[in-house]
file input.txt (compact mmCIF, C-alpha atoms (C1' of nucleotides))
# COMPACT_ATOMS: atom_id res chain seq x y z
CA MET A 255 -40.59 59.68 -104.65
CA LYS A 256 -40.26 61.22 -108.11
CA LEU A 257 -42.29 58.88 -110.23
CA ARG A 258 -42.42 59.33 -113.96
CA ARG A 259 -46.19 59.30 -113.75
CA LEU A 260 -48.19 59.20 -110.57
CA PRO A 261 -50.45 56.18 -110.32
CA GLN A 262 -54.01 57.35 -110.76
CA GLN A 263 -55.95 54.17 -110.33
CA GLU A 264 -55.86 51.56 -107.64
CA ARG A 265 -54.27 49.24 -110.16
CA GLY A 266 -51.41 51.69 -110.57
CA GLU A 267 -50.80 51.98 -106.86
CA ARG A 268 -50.72 48.24 -106.51
CA ARG A 269 -48.17 48.06 -109.32
CA VAL A 270 -45.95 50.63 -107.67
CA THR A 271 -45.88 48.84 -104.33
CA THR A 272 -45.36 45.47 -106.04
CA LEU A 273 -42.48 46.92 -108.04
CA LEU A 274 -40.88 48.45 -104.95
CA ASP A 275 -41.17 45.20 -103.04
CA ALA A 276 -39.60 43.32 -105.90
CA ALA A 277 -36.83 45.89 -106.16
CA ALA A 278 -36.10 45.61 -102.46
CA ALA A 279 -35.94 41.84 -102.72
CA VAL A 280 -33.61 41.85 -105.71
CA ILE A 281 -31.35 44.52 -104.24
CA ALA A 282 -31.21 42.63 -100.95
CA GLU A 283 -30.09 39.50 -102.75
CA THR A 284 -27.66 40.87 -105.28
CA GLY A 285 -26.69 44.39 -104.19
CA TYR A 286 -27.52 47.60 -106.00
CA ASP A 287 -25.14 47.38 -108.92
CA ALA A 288 -25.96 43.81 -109.83
CA ALA A 289 -29.71 44.34 -109.51
CA THR A 290 -31.07 44.74 -113.03
CA MET A 291 -34.23 46.47 -114.11
CA SER A 292 -35.39 43.40 -116.04
CA GLU A 293 -34.99 41.19 -112.99
CA ILE A 294 -36.95 43.65 -110.86
CA ALA A 295 -39.78 43.76 -113.38
CA ALA A 296 -39.81 39.99 -113.76
CA ARG A 297 -39.87 39.50 -109.99
CA ALA A 298 -42.85 41.82 -109.78
CA GLY A 299 -44.64 39.91 -112.52
CA ALA A 300 -44.57 42.98 -114.74
CA SER A 301 -42.92 43.92 -118.00
CA ILE A 302 -40.01 46.29 -118.30
CA GLY A 303 -42.26 48.81 -119.96
CA SER A 304 -44.53 48.75 -116.97
CA LEU A 305 -41.62 49.38 -114.65
CA TYR A 306 -40.51 52.40 -116.66
CA GLN A 307 -44.08 53.63 -116.75
CA PHE A 308 -43.64 54.62 -113.11
CA PHE A 309 -39.91 54.85 -112.48
CA PRO A 310 -38.00 56.92 -115.01
CA ASN A 311 -34.67 55.27 -114.20
CA LYS A 312 -32.87 52.96 -111.85
CA GLN A 313 -31.91 55.62 -109.33
CA SER A 314 -35.50 56.67 -108.82
CA ILE A 315 -36.21 53.25 -107.38
CA THR A 316 -33.53 53.55 -104.74
CA GLN A 317 -34.70 57.06 -103.98
CA ALA A 318 -38.17 55.78 -103.33
CA LEU A 319 -36.93 52.96 -101.11
CA ARG A 320 -34.60 55.24 -99.22
CA ALA A 321 -37.37 57.73 -98.65
CA GLN A 322 -39.56 54.99 -97.23
CA TYR A 323 -36.89 53.68 -94.90
CA GLY A 324 -36.01 57.20 -93.86
CA ARG A 325 -39.61 57.84 -92.86
CA GLU A 326 -39.68 54.69 -90.78
CA PHE A 327 -36.53 55.70 -88.93
CA GLN A 328 -37.97 59.13 -88.37
CA GLU A 329 -41.13 57.65 -86.91
CA LEU A 330 -39.11 55.53 -84.53
CA TRP A 331 -36.73 58.23 -83.41
CA SER A 332 -38.53 61.53 -83.47
CA PRO A 333 -40.09 60.85 -80.04
CA LEU A 334 -36.57 60.27 -78.76
CA GLU A 335 -35.72 63.94 -78.68
CA SER A 336 -38.24 64.67 -76.01
CA THR A 337 -37.84 61.48 -73.98
CA ALA A 338 -34.06 61.01 -74.08
CA ALA A 339 -33.59 63.17 -70.99
CA SER A 340 -35.46 60.69 -68.83
CA LEU A 341 -33.64 57.61 -70.14
CA THR A 342 -30.47 56.14 -68.75
CA ILE A 343 -27.57 55.84 -71.13
CA GLU A 344 -28.05 52.11 -71.22
CA GLN A 345 -31.66 52.56 -72.20
CA LEU A 346 -30.80 55.11 -74.85
CA VAL A 347 -28.15 52.92 -76.42
CA SER A 348 -30.35 49.88 -76.27
CA ARG A 349 -33.09 51.75 -77.98
CA LEU A 350 -30.87 53.05 -80.76
CA ILE A 351 -29.35 49.70 -81.54
CA ASP A 352 -32.48 47.62 -81.16
CA ASP A 353 -34.40 49.92 -83.48
CA THR A 354 -31.65 49.71 -86.07
CA VAL A 355 -31.58 45.95 -85.87
CA GLN A 356 -35.33 45.81 -86.15
CA LEU A 357 -35.46 47.93 -89.29
CA MET A 358 -32.63 46.05 -90.86
CA GLU A 359 -34.42 42.78 -90.36
CA ARG A 360 -37.65 44.18 -91.73
CA HIS A 361 -35.86 45.64 -94.76
CA PRO A 362 -32.93 43.55 -95.94
CA ALA A 363 -32.35 46.02 -98.77
CA LEU A 364 -31.43 48.73 -96.28
CA LEU A 365 -27.88 47.48 -96.02
CA PRO A 366 -26.95 47.50 -99.70
CA LEU A 367 -28.88 50.73 -100.20
CA MET A 368 -26.68 52.61 -97.78
CA ASP A 369 -23.80 52.25 -100.21
CA ALA A 370 -25.77 52.80 -103.41
CA PRO A 371 -25.20 56.04 -105.30
CA CYS A 372 -27.25 59.01 -104.12
CA SER A 373 -27.85 62.26 -105.89
CA THR A 374 -26.99 65.40 -103.96
CA ARG A 375 -30.64 66.40 -103.92
CA ASN A 376 -31.50 63.17 -102.14
CA PRO A 377 -29.15 63.04 -99.20
CA PRO A 378 -28.40 59.65 -97.69
CA ILE A 379 -30.47 58.42 -94.76
CA ARG A 380 -27.40 58.83 -92.63
CA LYS A 381 -27.66 62.59 -92.34
CA LEU A 382 -31.21 62.38 -91.12
CA LEU A 383 -30.34 59.81 -88.51
CA ARG A 384 -27.36 61.78 -87.32
CA GLN A 385 -29.54 64.78 -86.63
CA HIS A 386 -31.92 62.72 -84.56
CA ILE A 387 -29.16 61.20 -82.52
CA ALA A 388 -27.49 64.54 -81.94
CA ARG A 389 -30.75 66.05 -80.72
CA GLY A 390 -31.34 63.08 -78.45
CA LEU A 391 -27.89 63.51 -76.95
CA ARG A 392 -28.39 67.22 -76.39
CA ALA A 393 -31.73 66.50 -74.78
CA LYS A 394 -29.88 64.24 -72.39
CA LYS A 395 -27.11 66.72 -71.67
CA PRO A 396 -28.02 70.25 -72.75
CA SER A 397 -24.57 71.62 -71.96
CA LEU A 398 -23.14 69.79 -74.99
CA SER A 399 -22.17 72.15 -77.77
CA GLU A 400 -23.73 71.48 -81.13
CA VAL A 401 -20.39 70.64 -82.65
CA VAL A 402 -19.55 68.11 -79.99
CA ALA A 403 -23.02 66.61 -80.08
CA ALA A 404 -22.72 66.22 -83.84
CA ARG A 405 -19.41 64.47 -83.36
CA LEU A 406 -20.74 62.09 -80.76
CA ALA A 407 -23.70 61.40 -83.02
CA THR A 408 -21.38 60.66 -85.92
CA VAL A 409 -19.37 58.20 -83.91
CA THR A 410 -22.52 56.62 -82.53
CA LEU A 411 -24.06 56.29 -85.96
CA GLN A 412 -20.93 54.87 -87.50
CA THR A 413 -20.85 52.33 -84.73
CA MET A 414 -24.37 51.36 -85.62
CA ARG A 415 -23.26 50.99 -89.20
CA GLY A 416 -20.78 48.52 -87.80
CA VAL A 417 -23.72 46.57 -86.45
CA ARG A 418 -25.15 46.48 -89.95
CA GLU A 419 -22.03 44.99 -91.40
CA LEU A 420 -22.34 42.09 -89.02
CA TYR A 421 -25.24 40.91 -91.11
CA ARG A 422 -22.91 40.26 -93.99
CA GLU A 423 -20.61 38.03 -92.10
CA PHE A 424 -22.14 36.40 -89.06
CA GLU A 425 -25.00 34.07 -88.25
CA THR A 426 -27.75 34.94 -85.83
CA ARG A 427 -26.15 33.46 -82.76
CA GLU A 428 -22.77 35.12 -82.96
CA ARG A 429 -24.40 38.28 -84.21
CA ARG A 430 -26.39 38.58 -80.99
CA ALA A 431 -23.24 38.32 -78.94
CA LEU A 432 -21.52 40.94 -81.08
CA ILE A 433 -24.47 43.30 -80.83
CA GLN A 434 -24.15 43.09 -77.07
CA GLU A 435 -20.52 44.10 -77.39
CA TYR A 436 -21.47 47.08 -79.51
CA LYS A 437 -23.99 48.21 -76.94
CA LEU A 438 -21.40 47.89 -74.25
CA MET A 439 -18.90 49.91 -76.22
CA LEU A 440 -21.35 52.70 -76.85
CA VAL A 441 -22.42 52.72 -73.23
CA CYS A 442 -18.82 52.96 -72.06
CA TYR A 443 -18.12 55.76 -74.47
CA LEU A 444 -21.26 57.79 -73.97
CA THR A 445 -21.10 57.40 -70.21
CA TYR A 446 -17.63 58.81 -70.29
CA GLN A 447 -18.64 61.65 -72.58
CA LEU A 448 -21.95 62.59 -71.04
CA GLU A 449 -21.19 62.20 -67.36
CA THR A 450 -18.03 64.23 -67.11
CA MET B 224 -1.06 37.22 -107.32
CA LYS B 225 -2.23 34.80 -110.01
CA LEU B 226 -0.94 36.45 -113.12
CA ARG B 227 -1.83 35.06 -116.53
CA ARG B 228 1.84 35.01 -117.37
CA LEU B 229 4.65 35.88 -115.03
CA PRO B 230 6.78 38.77 -116.24
CA GLN B 231 10.14 37.43 -117.32
CA GLN B 232 11.96 40.53 -118.33
CA GLU B 233 12.50 43.78 -116.50
CA ARG B 234 10.15 45.38 -119.01
CA GLY B 235 7.41 43.01 -117.94
CA GLU B 236 7.86 43.73 -114.26
CA ARG B 237 7.72 47.45 -114.92
CA ARG B 238 4.48 46.94 -116.83
CA VAL B 239 2.93 44.98 -114.01
CA THR B 240 3.70 47.60 -111.40
CA THR B 241 2.59 50.39 -113.71
CA LEU B 242 -0.67 48.58 -114.35
CA LEU B 243 -1.27 47.98 -110.67
CA ASP B 244 -0.60 51.62 -109.85
CA ALA B 245 -3.00 52.72 -112.55
CA ALA B 246 -5.62 50.26 -111.32
CA ALA B 247 -5.30 51.56 -107.77
CA ALA B 248 -5.69 55.13 -108.96
CA VAL B 249 -8.75 54.40 -111.08
CA ILE B 250 -10.39 52.31 -108.37
CA ALA B 251 -9.69 55.00 -105.81
CA GLU B 252 -11.39 57.58 -107.98
CA THR B 253 -14.38 55.66 -109.26
CA GLY B 254 -14.87 52.62 -107.05
CA TYR B 255 -14.43 49.02 -108.09
CA ASP B 256 -17.53 48.53 -110.20
CA ALA B 257 -17.14 51.69 -112.22
CA ALA B 258 -13.44 51.12 -112.82
CA THR B 259 -13.06 49.74 -116.33
CA MET B 260 -10.28 47.68 -117.76
CA SER B 261 -9.84 50.06 -120.69
CA GLU B 262 -9.48 53.02 -118.35
CA ILE B 263 -6.90 51.17 -116.28
CA ALA B 264 -4.88 50.27 -119.37
CA ALA B 265 -5.12 53.81 -120.72
CA ARG B 266 -4.04 55.28 -117.40
CA ALA B 267 -1.01 53.01 -117.41
CA GLY B 268 -0.15 54.06 -120.95
CA ALA B 269 -0.69 50.51 -122.17
CA SER B 270 -3.14 48.79 -124.47
CA ILE B 271 -5.91 46.51 -123.29
CA GLY B 272 -4.12 43.56 -124.79
CA SER B 273 -1.10 44.33 -122.68
CA LEU B 274 -3.24 44.46 -119.56
CA TYR B 275 -4.76 41.05 -120.31
CA GLN B 276 -1.30 39.71 -121.04
CA PHE B 277 -0.66 39.75 -117.30
CA PHE B 278 -4.05 39.84 -115.64
CA PRO B 279 -6.54 37.24 -116.89
CA ASN B 280 -9.56 39.17 -115.65
CA LYS B 281 -10.71 42.10 -113.59
CA GLN B 282 -10.83 40.25 -110.28
CA SER B 283 -7.20 39.22 -110.55
CA ILE B 284 -6.25 42.88 -110.32
CA THR B 285 -8.07 43.40 -107.06
CA GLN B 286 -6.60 40.16 -105.77
CA ALA B 287 -3.13 41.46 -106.48
CA LEU B 288 -3.83 44.80 -104.84
CA ARG B 289 -5.44 43.21 -101.84
CA ALA B 290 -2.51 40.87 -101.43
CA GLN B 291 -0.13 43.80 -101.47
CA TYR B 292 -2.09 45.78 -98.90
CA GLY B 293 -2.49 42.69 -96.76
CA ARG B 294 1.26 42.22 -96.70
CA GLU B 295 1.77 45.81 -95.61
CA PHE B 296 -0.69 45.43 -92.75
CA GLN B 297 0.99 42.24 -91.76
CA GLU B 298 4.37 43.93 -91.69
CA LEU B 299 3.01 46.67 -89.47
CA TRP B 300 1.16 44.46 -87.04
CA SER B 301 2.98 41.19 -86.78
CA PRO B 302 5.40 42.67 -84.23
CA LEU B 303 2.38 43.69 -82.19
CA GLU B 304 1.71 40.19 -80.95
CA SER B 305 4.91 40.12 -78.98
CA THR B 306 4.96 43.73 -77.82
CA ALA B 307 1.29 44.29 -76.99
CA ALA B 308 1.77 43.03 -73.45
CA SER B 309 4.06 45.91 -72.62
CA LEU B 310 1.86 48.61 -74.12
CA THR B 311 -0.84 50.52 -72.32
CA ILE B 312 -4.32 50.28 -73.80
CA GLU B 313 -4.02 53.87 -74.98
CA GLN B 314 -0.82 53.03 -76.78
CA LEU B 315 -2.28 49.90 -78.33
CA VAL B 316 -5.36 51.70 -79.61
CA SER B 317 -3.34 54.60 -80.88
CA ARG B 318 -1.10 52.24 -82.73
CA LEU B 319 -3.95 50.34 -84.35
CA ILE B 320 -5.77 53.42 -85.51
CA ASP B 321 -2.74 55.42 -86.57
CA ASP B 322 -1.46 52.53 -88.65
CA THR B 323 -4.81 52.13 -90.34
CA VAL B 324 -4.99 55.81 -91.12
CA GLN B 325 -1.48 55.75 -92.46
CA LEU B 326 -2.14 52.86 -94.84
CA MET B 327 -5.39 54.38 -95.99
CA GLU B 328 -3.66 57.57 -96.91
CA ARG B 329 -0.89 55.76 -98.68
CA HIS B 330 -3.37 53.60 -100.61
CA PRO B 331 -6.60 55.42 -101.44
CA ALA B 332 -7.85 52.30 -103.23
CA LEU B 333 -7.93 50.39 -99.95
CA LEU B 334 -11.31 51.78 -99.04
CA PRO B 335 -13.23 50.82 -102.17
CA LEU B 336 -11.40 47.50 -102.32
CA MET B 337 -12.75 46.41 -98.97
CA ASP B 338 -16.21 46.23 -100.50
CA ALA B 339 -15.18 44.78 -103.85
CA PRO B 340 -16.10 41.17 -104.57
CA CYS B 341 -13.72 38.54 -103.26
CA SER B 342 -13.49 34.93 -104.25
CA THR B 343 -13.64 32.42 -101.41
CA ARG B 344 -10.08 31.36 -102.13
CA ASN B 345 -8.89 34.89 -101.57
CA PRO B 346 -10.32 35.88 -98.21
CA PRO B 347 -10.78 39.58 -97.53
CA ILE B 348 -8.05 41.49 -95.73
CA ARG B 349 -10.38 41.79 -92.80
CA LYS B 350 -9.90 38.22 -91.62
CA LEU B 351 -6.18 38.61 -91.57
CA LEU B 352 -6.38 41.82 -89.57
CA ARG B 353 -8.83 40.33 -87.13
CA GLN B 354 -6.43 37.55 -86.33
CA HIS B 355 -3.64 40.00 -85.64
CA ILE B 356 -5.78 42.10 -83.35
CA ALA B 357 -7.09 39.09 -81.49
CA ARG B 358 -3.55 37.83 -80.90
CA GLY B 359 -2.48 41.26 -79.73
CA LEU B 360 -5.34 41.36 -77.25
CA ARG B 361 -4.56 37.91 -75.92
CA ALA B 362 -0.94 38.90 -75.57
CA LYS B 363 -2.11 41.76 -73.40
CA LYS B 364 -4.48 39.67 -71.33
CA PRO B 365 -3.79 35.94 -71.67
CA SER B 366 -6.82 34.97 -69.62
CA LEU B 367 -9.11 35.99 -72.50
CA SER B 368 -10.73 33.02 -74.16
CA GLU B 369 -10.20 32.74 -77.88
CA VAL B 370 -13.88 33.29 -78.57
CA VAL B 371 -14.03 36.47 -76.53
CA ALA B 372 -10.77 37.75 -77.99
CA ALA B 373 -12.14 37.16 -81.48
CA ARG B 374 -15.25 39.10 -80.55
CA LEU B 375 -13.31 42.03 -79.15
CA ALA B 376 -11.15 41.99 -82.24
CA THR B 377 -14.22 42.03 -84.45
CA VAL B 378 -15.68 45.00 -82.67
CA THR B 379 -12.34 46.78 -82.70
CA LEU B 380 -11.84 46.12 -86.39
CA GLN B 381 -15.34 47.22 -87.29
CA THR B 382 -14.71 50.40 -85.37
CA MET B 383 -11.64 50.96 -87.45
CA ARG B 384 -13.72 50.42 -90.53
CA GLY B 385 -15.79 53.27 -89.19
CA VAL B 386 -12.66 55.40 -89.25
CA ARG B 387 -12.28 54.49 -92.90
CA GLU B 388 -15.73 55.67 -93.77
CA LEU B 389 -14.88 59.10 -92.41
CA TYR B 390 -12.71 59.56 -95.45
CA ARG B 391 -15.78 59.50 -97.63
CA GLU B 392 -17.56 62.25 -95.82
CA PHE B 393 -15.31 64.57 -93.87
CA GLU B 394 -12.45 66.91 -94.55
CA THR B 395 -9.09 66.60 -92.86
CA ARG B 396 -9.83 68.91 -89.98
CA GLU B 397 -13.06 67.36 -88.75
CA ARG B 398 -11.71 63.93 -89.56
CA ARG B 399 -8.89 64.42 -87.08
CA ALA B 400 -11.34 65.32 -84.35
CA LEU B 401 -13.50 62.29 -85.15
CA ILE B 402 -10.51 59.98 -85.15
CA GLN B 403 -9.75 61.17 -81.63
CA GLU B 404 -13.29 60.25 -80.64
CA TYR B 405 -12.86 56.80 -82.09
CA LYS B 406 -9.69 56.28 -80.15
CA LEU B 407 -11.41 57.39 -77.00
CA MET B 408 -14.29 55.02 -77.59
CA LEU B 409 -12.01 52.06 -78.14
CA VAL B 410 -9.96 52.95 -75.10
CA CYS B 411 -13.07 53.16 -72.94
CA TYR B 412 -14.32 49.85 -74.23
CA LEU B 413 -11.08 47.90 -74.12
CA THR B 414 -10.20 49.27 -70.71
CA TYR B 415 -13.51 48.02 -69.45
CA GLN B 416 -13.06 44.64 -71.10
CA LEU B 417 -9.41 44.02 -70.35
CA GLU B 418 -9.12 45.38 -66.86
CA THR B 419 -12.01 43.60 -65.22
C1' DT C 185 22.89 38.11 -138.01
C1' DA C 186 19.28 34.80 -137.03
C1' DC C 187 15.91 32.95 -134.34
C1' DA C 188 12.88 32.03 -130.33
C1' DT C 189 10.52 33.99 -126.81
C1' DA C 190 8.51 37.87 -124.31
C1' DT C 191 5.84 41.71 -124.70
C1' DG C 192 2.73 45.10 -127.13
C1' DT C 193 -1.34 46.45 -130.04
C1' DG C 194 -6.21 47.56 -130.95
C1' DA C 195 -10.13 46.25 -133.87
C1' DG C 196 -13.86 43.91 -132.82
C1' DC C 197 -16.68 39.94 -130.73
C1' DT C 198 -20.15 38.87 -127.28
C1' DT C 199 -22.91 39.93 -123.72
C1' DT C 200 -25.57 42.62 -120.82
C1' DC C 201 -27.53 46.67 -119.28
C1' DG C 202 -30.56 50.73 -119.05
C1' DC C 203 -34.06 52.42 -121.49
C1' DT C 204 -37.58 53.72 -125.62
C1' DC C 205 -41.51 53.28 -128.32
C1' DA C 206 -45.18 51.74 -131.13
C1' DT C 207 -48.89 49.35 -129.97
C1' DA C 208 -52.39 46.67 -127.21
C1' DT C 209 -55.46 46.29 -123.30
C1' DT C 210 -58.01 47.86 -119.13
C1' DT C 211 -60.49 51.23 -116.58
C1' DA C 212 -63.60 54.96 -115.57
C1' DA C 213 -66.28 58.69 -116.85
C1' DA C 214 -69.67 60.64 -120.31
C1' DT D 106 -71.90 52.31 -125.65
C1' DT D 107 -68.49 55.35 -126.69
C1' DT D 108 -64.29 57.40 -125.78
C1' DA D 109 -60.21 59.18 -123.72
C1' DA D 110 -57.01 58.40 -120.33
C1' DA D 111 -54.37 55.07 -117.64
C1' DT D 112 -51.80 51.09 -117.66
C1' DA D 113 -49.36 46.96 -119.92
C1' DT D 114 -46.31 44.80 -123.28
C1' DG D 115 -41.84 43.24 -125.14
C1' DA D 116 -38.92 43.60 -129.31
C1' DG D 117 -35.17 46.02 -129.89
C1' DC D 118 -31.82 50.21 -129.81
C1' DG D 119 -27.45 52.24 -128.39
C1' DA D 120 -23.82 52.21 -125.29
C1' DA D 121 -20.46 50.22 -122.67
C1' DA D 122 -18.38 46.52 -120.49
C1' DG D 123 -15.10 42.37 -120.29
C1' DC D 124 -12.32 39.96 -123.00
C1' DT D 125 -10.02 37.48 -127.43
C1' DC D 126 -7.04 37.05 -131.11
C1' DA D 127 -4.26 37.61 -135.13
C1' DC D 128 -0.56 40.03 -135.80
C1' DA D 129 3.49 43.52 -134.81
C1' DT D 130 7.54 44.70 -132.27
C1' DA D 131 11.20 44.29 -128.75
C1' DT D 132 14.58 41.59 -126.31
C1' DG D 133 17.94 38.15 -125.16
C1' DT D 134 20.89 34.41 -126.85
C1' DA D 135 23.75 31.82 -130.04
call {"tool": "encode", "arguments": {"input": "input.txt", "output": "structure tokens"}}
result
Amino acid sequence: MKLRRLPQQERGERRVTTLLDAAAAVIAETGYDAATMSEIAARAGASIGSLYQFFPNKQSITQALRAQYGREFQELWSPLESTAASLTIEQLVSRLIDDTVQLMERHPALLPLMDAPCSTRNPPIRKLLRQHIARGLRAKKPSLSEVVAARLATVTLQTMRGVRELYREFETRERRALIQEYKLMLVCYLTYQLET
Amino acid sequence: MKLRRLPQQERGERRVTTLLDAAAAVIAETGYDAATMSEIAARAGASIGSLYQFFPNKQSITQALRAQYGREFQELWSPLESTAASLTIEQLVSRLIDDTVQLMERHPALLPLMDAPCSTRNPPIRKLLRQHIARGLRAKKPSLSEVVAARLATVTLQTMRGVRELYREFETRERRALIQEYKLMLVCYLTYQLET
DNA sequence: TACATATGTGAGCTTTCGCTCATATTTAAA
DNA sequence: TTTAAATATGAGCGAAAGCTCACATATGTA
């Protein structure tokens, strides 16, 4: 999380979570670039000085948010590696997409944060997710080479990014229909790739 | 294109194209937000004043570039509506993806420009492309309802956006392999949707 | 050559942003 | 109660961005 100073009192911890919530809200509304530090502080009911007390710069905020979201994905998907073998492809795809949709609705900042700048030390969430998916796929079909599994995972993940973009452009109703189409596409593709 | 003043001499037209080329280069390298007007002018060997002589603001540059790229897509795909019926699904998919790849390589600014802000008067290229794809699909299978065709086109287009993202992350070799996977996925999906 | 118009120039205005710092207040331990 | 550390504050600094404007030069026409 890389805070400038670790909160040492309960008050400090409350501030940090309040600030992160505010940051997520502002980023969700305006995007990363347009989100300003002053607006984040104001939204949290704090002063700019207070914000910089804990976060040394703007990037450190996105790092913290990304780390949090990454952990939540990991919690959802780490069981998948052991259970994927017993799932049908439909179930696997449904699970992947539904979980993504769920996290995106819980964290509207996730979408803009995927495009925000990332230091090389703090790799994007994407890489983590790709690993999980690749392992899930190999659990389902162990004869897949690592290279091929990584490729399938990349395509699968990028397709799920496509789902994300729907949130920019479509309302709930049409979005549901489109999500169904995405599931179908992935099922078609993975069935072809895993069952031959 | 909405220029502040239309170029009236050959000199002016040269300036405009030079400026647009420079803008595309800078945007390709740094992204839209980080691309500055001064850098664009400098890259074109012009002064800032000269830049503002023709382009009233930063957005007008992206509008001009987007319009240009939109026209090129249109040129490539407008014949598709009449010929799609006689193509196999493999051929259609190959055509769509290869054309996209080709334009992306010719115009490296296309990728960052897709995410750049767009006024409501100047709709993103995406909408144009979606229409073309939807018409192509209906040409291939006239029994498709407009709504369903639009949905398939959306999913197809978003998949092609996925291809675009590969350029951020992968080198030529792996990219080629991944593009093949994308084609396969679209073929699987469209075969399922168009032939049943 | 003379004149109007098109194009070119860059110092600098205005605004906004990320961020610092001197200082004030709250908290917890001694 | 005293005291040191933790937390809070916001005026303001420096940098960089978009953009203007008064003026200089180039070009076409008569």
call {"tool": "atom_distance", "arguments": {"input": "input.txt", "atom1": "atom CA of Leu407 of chain B", "atom2": "atom CA of Arg427 of chain A"}}
result
28.7 Å
call {"tool": "residues_around", "arguments": {"input": "input.txt", "residues": "Ala246 of chain B", "least_positions_apart": "4", "cutoff": "12 Å", "atoms": "all atoms listed in the file", "output": "number ranges by chain"}}
result
B: 238-242, 250-255, 257-269, 274, 278, 281-289, 330-333, 335-336
call {"tool": "axis_aligned_box", "arguments": {"input": "input.txt", "around": "segment 113-124 of chain D", "padding_each_side": "8 Å", "output": "JSON"}}
result
{"center_x": -30.8, "center_y": 46.1, "center_z": -124.9, "size_x": 53.0, "size_y": 28.3, "size_z": 26.0}
call {"tool": "atom_distance", "arguments": {"input": "input.txt", "atom1": "atom CA of Ser317 of chain B", "atom2": "atom CA of Lys406 of chain B"}}
result
6.6 Å
call {"tool": "closest_residue", "arguments": {"input": "input.txt", "among": "D:DA127, D:DA111, D:DA122, D:DA135", "to": "chain A", "atoms": "all atoms listed in the file"}}
result
D:DA111
call {"tool": "atom_distance", "arguments": {"input": "input.txt", "atom1": "atom CA of Tyr390 of chain B", "atom2": "atom CA of Arg415 of chain A"}}
result
15.0 Å
call {"tool": "closest_atom_pairs", "arguments": {"input": "input.txt", "of": "chain C", "to": "chain B", "cutoff": "10 Å", "atoms": "only C-alpha atoms (C1' of nucleotides)", "output": "tab-separated table"}}
result
residue	atom	partner	partner_atom	distance
C:DA190	C1'	B:Gln231	CA	7.2
C:DT191	C1'	B:Gly235	CA	7.1
C:DG192	C1'	B:Ser273	CA	5.9
C:DT193	C1'	B:Ser270	CA	6.3
C:DG194	C1'	B:Ser270	CA	7.3
call {"tool": "write_last_selection", "arguments": {"input": "input.txt", "atoms": "C-alpha atoms (C1' of nucleotides)", "output": "short mmCIF file (atom, residue, chain, number, x, y, z; two decimals), keeping the file's coordinate frame"}}
result
data_model
loop_
_atom_site.label_atom_id
_atom_site.label_comp_id
_atom_site.auth_asym_id
_atom_site.auth_seq_id
_atom_site.Cartn_x
_atom_site.Cartn_y
_atom_site.Cartn_z
"C1'" DA C 190 8.51 37.87 -124.31
"C1'" DT C 191 5.84 41.71 -124.70
"C1'" DG C 192 2.73 45.10 -127.13
"C1'" DT C 193 -1.34 46.45 -130.04
"C1'" DG C 194 -6.21 47.56 -130.95
#
call {"tool": "closest_residue", "arguments": {"input": "input.txt", "among": "D:DT107, D:DT134, D:DT114, D:DT125", "to": "chain A", "atoms": "only C-alpha atoms (C1' of nucleotides)"}}
result
D:DT114
call {"tool": "residues_near_point", "arguments": {"input": "input.txt", "point": "(9.4, 32.9, -130.4)", "cutoff": "12 Å", "atoms": "only C-alpha atoms (C1' of nucleotides)", "output": "VMD selection string"}}
result
(chain C and resid 187 to 191) or (chain D and resid 131 to 133)
call {"tool": "residues_around", "arguments": {"input": "input.txt", "residues": "Arg387 of chain B", "least_positions_apart": "4", "cutoff": "9 Å", "atoms": "all atoms listed in the file", "output": "list in words"}}
result
Thr323, Val324, Met327, Leu334, Thr382, Met383 and Arg391 of chain B
call {"tool": "interface_residues", "arguments": {"input": "input.txt", "of": "chain D", "to": "chain A", "cutoff": "12 Å", "atoms": "all atoms listed in the file", "output": "PyMOL selection string"}}
result
chain D and resi 110-116
call {"tool": "interface_residues", "arguments": {"input": "input.txt", "of": "chain B", "to": "chain A", "cutoff": "6 Å", "atoms": "all atoms listed in the file", "output": "PDB file with C-alpha atoms, in the coordinates of the input"}}
result
ATOM      1  CA  GLN B 381     -15.340  47.220 -87.290  1.00  0.00           C
ATOM      2  CA  GLY B 385     -15.790  53.270 -89.190  1.00  0.00           C
ATOM      3  CA  MET B 408     -14.290  55.020 -77.590  1.00  0.00           C
ATOM      4  CA  CYS B 411     -13.070  53.160 -72.940  1.00  0.00           C
ATOM      5  CA  TYR B 412     -14.320  49.850 -74.230  1.00  0.00           C
TER       6      TYR B 412
END
call {"tool": "closest_residue", "arguments": {"input": "input.txt", "among": "D:DT108, D:DC128, D:DG123, D:DC118", "to": "DA195 of chain C", "atoms": "all atoms listed in the file"}}
result
D:DC128
